[in-house]
Amino acid sequence: MTAYNPHVLDIKLIREQADLVKQRLASRGAGDELRIDEVLRLDEQRRKLLGEVEELKALRNRVSKEIGILMGRKETAAAEAKKGETRDIGERIAALDRQVAEVESAREAILLRLPNLPHSSVALGKTAEENPVMRTWGDKASFGFKPKDHVQICNQLKLVDFERGAKLSGSGFLLYTGWGARLERALIQLLLDLHVREHGYTEVSPPFIINRDCMVGVGQFPKFEDQAYAVQEGKDTSTLGKLYLLPTAEAPVANIHREEMLNDTQLPIRYVAYSPCFRAEAGAAGLGTRGMIRVHQFDKVELIKIVRPEEGFDELEKMVANAEKVLQILGLHYRVIMLCTGDMGFASAKTYDIEVWAPGQGTYLEVSSCSNCEEFQSRRMNLKFKTQSGDKIHPHLLNGSGTALARLFVALLETHQQEDGSIRIPAPLQPYLHTDRIVP
């Protein structure tokens, strides 16, 4: 398979509409627009060098033909002189090729670190406080008693052993026990069945250890490399950083068709996958938050779509609705917000977050983030499809949590707690647990 450079933003777009690219990057508020002029400078330098290489190759071809003519005339001395000239030209071409490679490498290093351009429909804003609420569903749970938080509930019902989880792996890791372990497993099974049977996704079960290309493909690397868990094979230190624990199933599943040319008839492709997710969160503030809100390892059911560009944003709305269905059937109050330009993820062109209400916390918790990355990721992984007219273009890639635990676990416990200390189990979950409540 031919090698490729994982482009991010379309270099043709940057050349032809530099001001537009700068404007849309500037709306993110991170200063990335300041790097576009350097990209253009390197790109122009690269094109100039390539032009010089082509001129020298053409010259070498002419001289080679002259050598043939001289040899035919038995003018050996003149032919040998011309051969020396072709060697000199060859050395100049080799030197220019090295320069081209250096300039390309410098250009790609910048491009790989530039985020996606926000879609024109995304709200302008600098921080999460400026994210518009699109809609809410249901009412906040009301109680005739003082509700407990999930830590109290988990301790009283022996659902999670926080102390022994920390003993096994350190802070930020959980040990589910008894009904807690069964509830976690039941939620995963319910989510998978819902998305496969009712929403038409194809279930896949990916490896939990993935290569670097997968991380680059979805935009995790190089920007977020300090947040990943790198794997080393035994004592062989040379293998460290070749493989990683997946931060989300998006990384392997979105890359399933990396470097492939799909047919139009194969689209749309919809995958759903369960995986544990591993986040090092190096230097992240607040990781020590009490309980299950922010942990290094958590379970998630991920949704991935590969679709035609003209269908990308309709499919995003459908994906959000698929994730909302999870909370609706579990009777959990939530809201859907659109992330403003300053709060969006690196690879996203447009993102909706779904935040569930957790009564014991007295706040909303993000349990799903659904994004259309447009062709940002498919460019990075060299994924294309052939249209019915024969064009070869990049599809839109979408990803979404459908949904994430342990926050769903938290909201479920805190919302459905009873005064006697038991937890009422919503009807759709009862067949998986074979009970209608968890009792002290």
# chains A, B, ... in the order shown; residues from 1 in each chain; ligands from 1
>>> select_by_dssp(residues="region 110-252 of chain A", states="strand (DSSP E or B)", output="PyMOL selection string")
chain A and resi 133-137+160+176+202-203+209-211+230-231+233+236+240+243-245
>>> write_last_selection(atoms="N, CA and C atoms", output="PDB file, in the first residue's frame")
ATOM      1  N   VAL A 133     -28.387  26.058  25.144  1.00  0.00           N
ATOM      2  CA  VAL A 133     -29.205  24.867  25.421  1.00  0.00           C
ATOM      3  C   VAL A 133     -30.208  24.715  24.290  1.00  0.00           C
ATOM      4  N   MET A 134     -30.176  23.561  23.629  1.00  0.00           N
ATOM      5  CA  MET A 134     -31.055  23.329  22.486  1.00  0.00           C
ATOM      6  C   MET A 134     -32.430  22.825  22.919  1.00  0.00           C
ATOM      7  N   ARG A 135     -32.449  21.947  23.943  1.00  0.00           N
ATOM      8  CA  ARG A 135     -33.715  21.395  24.433  1.00  0.00           C
ATOM      9  C   ARG A 135     -33.469  20.640  25.731  1.00  0.00           C
ATOM     10  N   THR A 136     -34.545  20.408  26.464  1.00  0.00           N
ATOM     11  CA  THR A 136     -34.498  19.570  27.670  1.00  0.00           C
ATOM     12  C   THR A 136     -35.566  18.494  27.545  1.00  0.00           C
ATOM     13  N   TRP A 137     -35.414  17.444  28.324  1.00  0.00           N
ATOM     14  CA  TRP A 137     -36.401  16.351  28.316  1.00  0.00           C
ATOM     15  C   TRP A 137     -36.676  15.933  29.757  1.00  0.00           C
ATOM     16  N   VAL A 160     -20.035  -0.373  44.717  1.00  0.00           N
ATOM     17  CA  VAL A 160     -18.672  -0.037  44.302  1.00  0.00           C
ATOM     18  C   VAL A 160     -17.801   0.048  45.545  1.00  0.00           C
ATOM     19  N   TYR A 176     -16.214  -2.459  40.886  1.00  0.00           N
ATOM     20  CA  TYR A 176     -17.655  -2.735  40.999  1.00  0.00           C
ATOM     21  C   TYR A 176     -17.841  -4.075  41.695  1.00  0.00           C
ATOM     22  N   THR A 202     -24.401  -1.674  13.364  1.00  0.00           N
ATOM     23  CA  THR A 202     -23.750  -2.981  13.347  1.00  0.00           C
ATOM     24  C   THR A 202     -22.764  -3.049  14.506  1.00  0.00           C
ATOM     25  N   GLU A 203     -22.918  -4.056  15.355  1.00  0.00           N
ATOM     26  CA  GLU A 203     -22.019  -4.160  16.504  1.00  0.00           C
ATOM     27  C   GLU A 203     -20.653  -4.692  16.087  1.00  0.00           C
ATOM     28  N   ILE A 209      -6.160  -2.365  22.612  1.00  0.00           N
ATOM     29  CA  ILE A 209      -4.817  -1.812  22.433  1.00  0.00           C
ATOM     30  C   ILE A 209      -4.663  -1.504  20.953  1.00  0.00           C
ATOM     31  N   ILE A 210      -4.290  -0.267  20.623  1.00  0.00           N
ATOM     32  CA  ILE A 210      -4.306   0.173  19.222  1.00  0.00           C
ATOM     33  C   ILE A 210      -2.991   0.859  18.859  1.00  0.00           C
ATOM     34  N   ASN A 211      -2.738   0.949  17.559  1.00  0.00           N
ATOM     35  CA  ASN A 211      -1.473   1.542  17.128  1.00  0.00           C
ATOM     36  C   ASN A 211      -1.578   3.058  16.995  1.00  0.00           C
ATOM     37  N   ALA A 230       0.528   4.773  27.151  1.00  0.00           N
ATOM     38  CA  ALA A 230       1.355   4.051  26.192  1.00  0.00           C
ATOM     39  C   ALA A 230       1.689   2.670  26.749  1.00  0.00           C
ATOM     40  N   VAL A 231       1.774   1.699  25.838  1.00  0.00           N
ATOM     41  CA  VAL A 231       2.026   0.304  26.214  1.00  0.00           C
ATOM     42  C   VAL A 231       3.464  -0.074  25.880  1.00  0.00           C
ATOM     43  N   GLU A 233       5.900  -3.627  25.573  1.00  0.00           N
ATOM     44  CA  GLU A 233       5.842  -5.084  25.529  1.00  0.00           C
ATOM     45  C   GLU A 233       6.938  -5.662  26.420  1.00  0.00           C
ATOM     46  N   ASP A 236      10.943  -4.759  26.811  1.00  0.00           N
ATOM     47  CA  ASP A 236      11.520  -4.184  25.595  1.00  0.00           C
ATOM     48  C   ASP A 236      11.123  -2.716  25.492  1.00  0.00           C
ATOM     49  N   LEU A 240       7.867   0.864  23.522  1.00  0.00           N
ATOM     50  CA  LEU A 240       7.035   1.852  24.213  1.00  0.00           C
ATOM     51  C   LEU A 240       6.607   2.958  23.251  1.00  0.00           C
ATOM     52  N   LEU A 243       2.136   1.149  20.710  1.00  0.00           N
ATOM     53  CA  LEU A 243       0.748   0.779  20.984  1.00  0.00           C
ATOM     54  C   LEU A 243       0.240   1.548  22.198  1.00  0.00           C
ATOM     55  N   TYR A 244      -1.090   1.743  22.237  1.00  0.00           N
ATOM     56  CA  TYR A 244      -1.717   2.531  23.311  1.00  0.00           C
ATOM     57  C   TYR A 244      -3.023   1.890  23.751  1.00  0.00           C
ATOM     58  N   LEU A 245      -3.360   2.060  25.037  1.00  0.00           N
ATOM     59  CA  LEU A 245      -4.693   1.714  25.494  1.00  0.00           C
ATOM     60  C   LEU A 245      -5.669   2.714  24.881  1.00  0.00           C
TER      61      LEU A 245
END
>>> residues_around(residues="Val218 (chain A)", least_positions_apart="2", cutoff="10 Å", atoms="only C-alpha atoms", output="list in words")
Asp213, Cys214, Met215, Val216, Gln220, Phe221, Glu250, Ala251, Pro252, Val253, Ala254, Asn255, Phe346, Ala347, Ser348, Cys373, Phe376, Gln377, Ser378, Arg379, Arg380, Met381, Leu397 and Asn399 of chain A
>>> select_by_dssp(residues="region 162-216 of chain A", states="alpha helix (DSSP H)", output="MDAnalysis selection string")
chainID A and resid 162:169 179:197 212:216
>>> write_last_selection(atoms="C-alpha atoms", output="JSON list (two decimals), in the first residue's frame")
[["chain", "number", "residue", "atom", "x", "y", "z"],
["A", 162, "PHE", "CA", -13.81, 2.74, 46.17],
["A", 163, "GLU", "CA", -11.04, 1.98, 48.65],
["A", 164, "ARG", "CA", -10.12, -1.40, 47.22],
["A", 165, "GLY", "CA", -10.32, -0.06, 43.67],
["A", 166, "ALA", "CA", -7.68, 2.51, 44.65],
["A", 167, "LYS", "CA", -5.67, -0.23, 46.38],
["A", 168, "LEU", "CA", -5.61, -2.27, 43.16],
["A", 169, "SER", "CA", -4.74, 0.48, 40.68],
["A", 179, "TRP", "CA", -25.25, -5.67, 42.22],
["A", 180, "GLY", "CA", -23.00, -2.82, 41.10],
["A", 181, "ALA", "CA", -21.06, -5.09, 38.75],
["A", 182, "ARG", "CA", -24.30, -6.62, 37.48],
["A", 183, "LEU", "CA", -25.87, -3.18, 36.94],
["A", 184, "GLU", "CA", -22.85, -1.94, 34.97],
["A", 185, "ARG", "CA", -22.96, -5.04, 32.76],
["A", 186, "ALA", "CA", -26.73, -4.76, 32.32],
["A", 187, "LEU", "CA", -26.47, -1.12, 31.21],
["A", 188, "ILE", "CA", -23.85, -2.00, 28.60],
["A", 189, "GLN", "CA", -26.00, -4.83, 27.25],
["A", 190, "LEU", "CA", -29.13, -2.65, 27.15],
["A", 191, "LEU", "CA", -27.31, 0.08, 25.22],
["A", 192, "LEU", "CA", -25.85, -2.33, 22.67],
["A", 193, "ASP", "CA", -29.19, -4.03, 22.09],
["A", 194, "LEU", "CA", -30.99, -0.70, 21.73],
["A", 195, "HIS", "CA", -28.61, 0.65, 19.09],
["A", 196, "VAL", "CA", -28.42, -2.62, 17.14],
["A", 197, "ARG", "CA", -32.10, -3.63, 17.22],
["A", 212, "ARG", "CA", -0.35, 5.12, 16.71],
["A", 213, "ASP", "CA", -1.99, 5.49, 13.29],
["A", 214, "CYS", "CA", -5.41, 5.05, 14.90],
["A", 215, "MET", "CA", -4.68, 7.86, 17.36],
["A", 216, "VAL", "CA", -3.43, 10.18, 14.61]]
>>> closest_atom_pairs(of="region 16-80 of chain A", to="region 114-122 of chain A", cutoff="10 Å", atoms="only C-alpha atoms", output="JSON lines")
{"residue": "A:Leu20", "atom": "CA", "partner": "A:Leu117", "partner_atom": "CA", "distance": 9.7}
{"residue": "A:Val21", "atom": "CA", "partner": "A:Leu117", "partner_atom": "CA", "distance": 7.2}
{"residue": "A:Lys22", "atom": "CA", "partner": "A:Leu117", "partner_atom": "CA", "distance": 9.2}
{"residue": "A:Gln23", "atom": "CA", "partner": "A:Leu117", "partner_atom": "CA", "distance": 9.2}
{"residue": "A:Arg24", "atom": "CA", "partner": "A:Leu117", "partner_atom": "CA", "distance": 5.7}
{"residue": "A:Leu25", "atom": "CA", "partner": "A:Leu117", "partner_atom": "CA", "distance": 5.9}
{"residue": "A:Ala26", "atom": "CA", "partner": "A:Leu117", "partner_atom": "CA", "distance": 9.3}
{"residue": "A:Ser27", "atom": "CA", "partner": "A:Pro118", "partner_atom": "CA", "distance": 7.8}
{"residue": "A:Arg28", "atom": "CA", "partner": "A:Pro118", "partner_atom": "CA", "distance": 7.8}
{"residue": "A:Ala30", "atom": "CA", "partner": "A:Pro115", "partner_atom": "CA", "distance": 9.6}
{"residue": "A:Asp32", "atom": "CA", "partner": "A:Leu114", "partner_atom": "CA", "distance": 6.4}
{"residue": "A:Glu33", "atom": "CA", "partner": "A:Leu114", "partner_atom": "CA", "distance": 8.6}
{"residue": "A:Arg35", "atom": "CA", "partner": "A:Leu114", "partner_atom": "CA", "distance": 8.4}
{"residue": "A:Ile36", "atom": "CA", "partner": "A:Leu114", "partner_atom": "CA", "distance": 9.1}
>>> closest_residue(among="A:Gln227, A:Gln232, A:Thr86, A:Thr177", to="Arg60 (chain A)", atoms="only C-alpha atoms")
A:Thr86
>>> residues_around(residues="Leu405 (chain A)", least_positions_apart="5", cutoff="12 Å", atoms="only C-alpha atoms", output="JSON list (two decimals) with C-alpha atoms, in the first residue's frame")
[["chain", "number", "residue", "atom", "x", "y", "z"],
["A", 174, "LEU", "CA", -13.21, 1.59, 40.41],
["A", 183, "LEU", "CA", -25.87, -3.18, 36.94],
["A", 184, "GLU", "CA", -22.85, -1.94, 34.97],
["A", 185, "ARG", "CA", -22.96, -5.04, 32.76],
["A", 186, "ALA", "CA", -26.73, -4.76, 32.32],
["A", 187, "LEU", "CA", -26.47, -1.12, 31.21],
["A", 188, "ILE", "CA", -23.85, -2.00, 28.60],
["A", 191, "LEU", "CA", -27.31, 0.08, 25.22],
["A", 248, "THR", "CA", -12.42, 5.66, 23.42],
["A", 274, "TYR", "CA", -18.52, -1.35, 23.72],
["A", 275, "SER", "CA", -15.12, -0.76, 25.24],
["A", 276, "PRO", "CA", -13.47, 0.32, 28.44],
["A", 277, "CYS", "CA", -11.85, 3.73, 27.97],
["A", 292, "MET", "CA", -17.23, 8.14, 39.98],
["A", 293, "ILE", "CA", -17.49, 11.45, 38.14],
["A", 294, "ARG", "CA", -13.92, 11.61, 36.81],
["A", 295, "VAL", "CA", -11.92, 8.39, 36.57],
["A", 297, "GLN", "CA", -11.00, 3.92, 33.35],
["A", 298, "PHE", "CA", -14.68, 3.87, 32.44],
["A", 299, "ASP", "CA", -17.02, 1.94, 30.17],
["A", 300, "LYS", "CA", -18.66, 3.40, 27.10],
["A", 301, "VAL", "CA", -20.83, 2.35, 24.20],
["A", 302, "GLU", "CA", -19.65, 4.31, 21.15],
["A", 326, "VAL", "CA", -31.04, 5.84, 26.22],
["A", 356, "VAL", "CA", -28.03, 14.15, 32.43],
["A", 365, "LEU", "CA", -23.20, 15.51, 33.99],
["A", 366, "GLU", "CA", -22.08, 15.01, 30.40],
["A", 367, "VAL", "CA", -22.89, 11.46, 29.30],
["A", 368, "SER", "CA", -22.72, 11.88, 25.54],
["A", 410, "VAL", "CA", -24.39, 7.78, 38.85],
["A", 411, "ALA", "CA", -27.49, 9.48, 37.43],
["A", 412, "LEU", "CA", -29.48, 6.25, 37.50]]
>>> atom_distance(atom1="CA of Asp343 (chain A)", atom2="CA of Lys223 (chain A)")
15.9 Å
>>> atom_distance(atom1="CA of Tyr201 (chain A)", atom2="CA of Lys384 (chain A)")
20.8 Å
>>> residues_around(residues="Leu111 (chain A)", least_positions_apart="2", cutoff="10 Å", atoms="only C-alpha atoms", output="list in words")
Pro6, His7, Val8, Leu9, Asp10, Ile11, Arg35, Ile36, Val39, Ser105, Ala106, Arg107, Glu108, Ala109, Arg113, Leu114 and Pro115 of chain A
>>> write_last_selection(atoms="C-alpha atoms", output="PDB file, in the first residue's frame")
ATOM      1  CA  PRO A   6      -2.132  12.388   6.902  1.00  0.00           C
ATOM      2  CA  HIS A   7      -3.505  15.768   5.831  1.00  0.00           C
ATOM      3  CA  VAL A   8      -5.911  17.518   8.123  1.00  0.00           C
ATOM      4  CA  LEU A   9      -7.302  20.709   6.711  1.00  0.00           C
ATOM      5  CA  ASP A  10      -7.510  20.743   2.919  1.00  0.00           C
ATOM      6  CA  ILE A  11      -4.328  22.469   1.717  1.00  0.00           C
ATOM      7  CA  ARG A  35       0.002  29.529  11.922  1.00  0.00           C
ATOM      8  CA  ILE A  36      -1.718  29.695   8.533  1.00  0.00           C
ATOM      9  CA  VAL A  39       1.751  26.891   6.301  1.00  0.00           C
ATOM     10  CA  SER A 105       7.697  17.512   7.101  1.00  0.00           C
ATOM     11  CA  ALA A 106       7.619  21.037   8.556  1.00  0.00           C
ATOM     12  CA  ARG A 107       4.321  21.801   6.810  1.00  0.00           C
ATOM     13  CA  GLU A 108       2.720  18.529   7.943  1.00  0.00           C
ATOM     14  CA  ALA A 109       3.869  19.082  11.533  1.00  0.00           C
ATOM     15  CA  ARG A 113      -1.751  20.289  15.069  1.00  0.00           C
ATOM     16  CA  LEU A 114      -4.384  22.553  13.521  1.00  0.00           C
ATOM     17  CA  PRO A 115      -7.942  21.788  14.724  1.00  0.00           C
TER      18      PRO A 115
END
>>> residues_around(residues="region 413-416 of chain A", least_positions_apart="6", cutoff="6 Å", atoms="only C-alpha atoms", output="ChimeraX atom specification")
/A:150,359-360,423-424
>>> closest_residue(among="A:Val272, A:Ile306, A:Leu262, A:Leu330", to="Gly402 (chain A)", atoms="only C-alpha atoms")
A:Val272
>>> atom_distance(atom1="CA of Gln156 (chain A)", atom2="CA of Phe409 (chain A)")
15.5 Å
>>> closest_residue(among="A:Thr76, A:Ser142, A:Thr403, A:Asn372", to="Glu355 (chain A)", atoms="only C-alpha atoms")
A:Thr403
>>> residues_around(residues="Ile329 (chain A)", least_positions_apart="2", cutoff="9 Å", atoms="only C-alpha atoms", output="VMD selection string")
chain A and resid 324 to 327 331 to 332 426 to 429
>>> residues_around(residues="Ser369 (chain A)", least_positions_apart="5", cutoff="7 Å", atoms="only C-alpha atoms", output="PyMOL selection string")
chain A and resi 351-354+400-401
>>> decode(residues="region 113-142 of chain A", atoms="C-alpha atoms", output="mmCIF file, in the first residue's frame")
data_model
loop_
_atom_site.group_PDB
_atom_site.id
_atom_site.type_symbol
_atom_site.label_atom_id
_atom_site.label_comp_id
_atom_site.auth_asym_id
_atom_site.auth_seq_id
_atom_site.Cartn_x
_atom_site.Cartn_y
_atom_site.Cartn_z
ATOM 1 C CA ARG A 113 -1.751 20.289 15.069
ATOM 2 C CA LEU A 114 -4.384 22.553 13.521
ATOM 3 C CA PRO A 115 -7.942 21.788 14.724
ATOM 4 C CA ASN A 116 -10.946 21.372 12.462
ATOM 5 C CA LEU A 117 -12.859 24.403 11.219
ATOM 6 C CA PRO A 118 -16.141 25.001 13.096
ATOM 7 C CA HIS A 119 -19.224 24.662 10.906
ATOM 8 C CA SER A 120 -21.007 27.913 10.066
ATOM 9 C CA SER A 121 -24.053 26.819 12.139
ATOM 10 C CA VAL A 122 -22.016 26.538 15.362
ATOM 11 C CA ALA A 123 -22.667 29.228 17.985
ATOM 12 C CA LEU A 124 -19.830 31.686 18.518
ATOM 13 C CA GLY A 125 -18.431 31.727 22.047
ATOM 14 C CA LYS A 126 -15.313 31.435 24.138
ATOM 15 C CA THR A 127 -16.214 29.143 27.066
ATOM 16 C CA ALA A 128 -18.685 26.450 28.134
ATOM 17 C CA GLU A 129 -20.816 29.131 29.769
ATOM 18 C CA GLU A 130 -21.734 30.328 26.278
ATOM 19 C CA ASN A 131 -22.997 26.934 25.037
ATOM 20 C CA PRO A 132 -26.662 27.341 24.015
ATOM 21 C CA VAL A 133 -29.205 24.867 25.421
ATOM 22 C CA MET A 134 -31.055 23.329 22.486
ATOM 23 C CA ARG A 135 -33.715 21.395 24.433
ATOM 24 C CA THR A 136 -34.498 19.570 27.670
ATOM 25 C CA TRP A 137 -36.401 16.351 28.316
ATOM 26 C CA GLY A 138 -38.346 15.307 31.394
ATOM 27 C CA ASP A 139 -38.374 16.901 34.821
ATOM 28 C CA LYS A 140 -35.800 16.897 37.576
ATOM 29 C CA ALA A 141 -36.486 14.154 40.111
ATOM 30 C CA SER A 142 -38.244 15.327 43.263
#
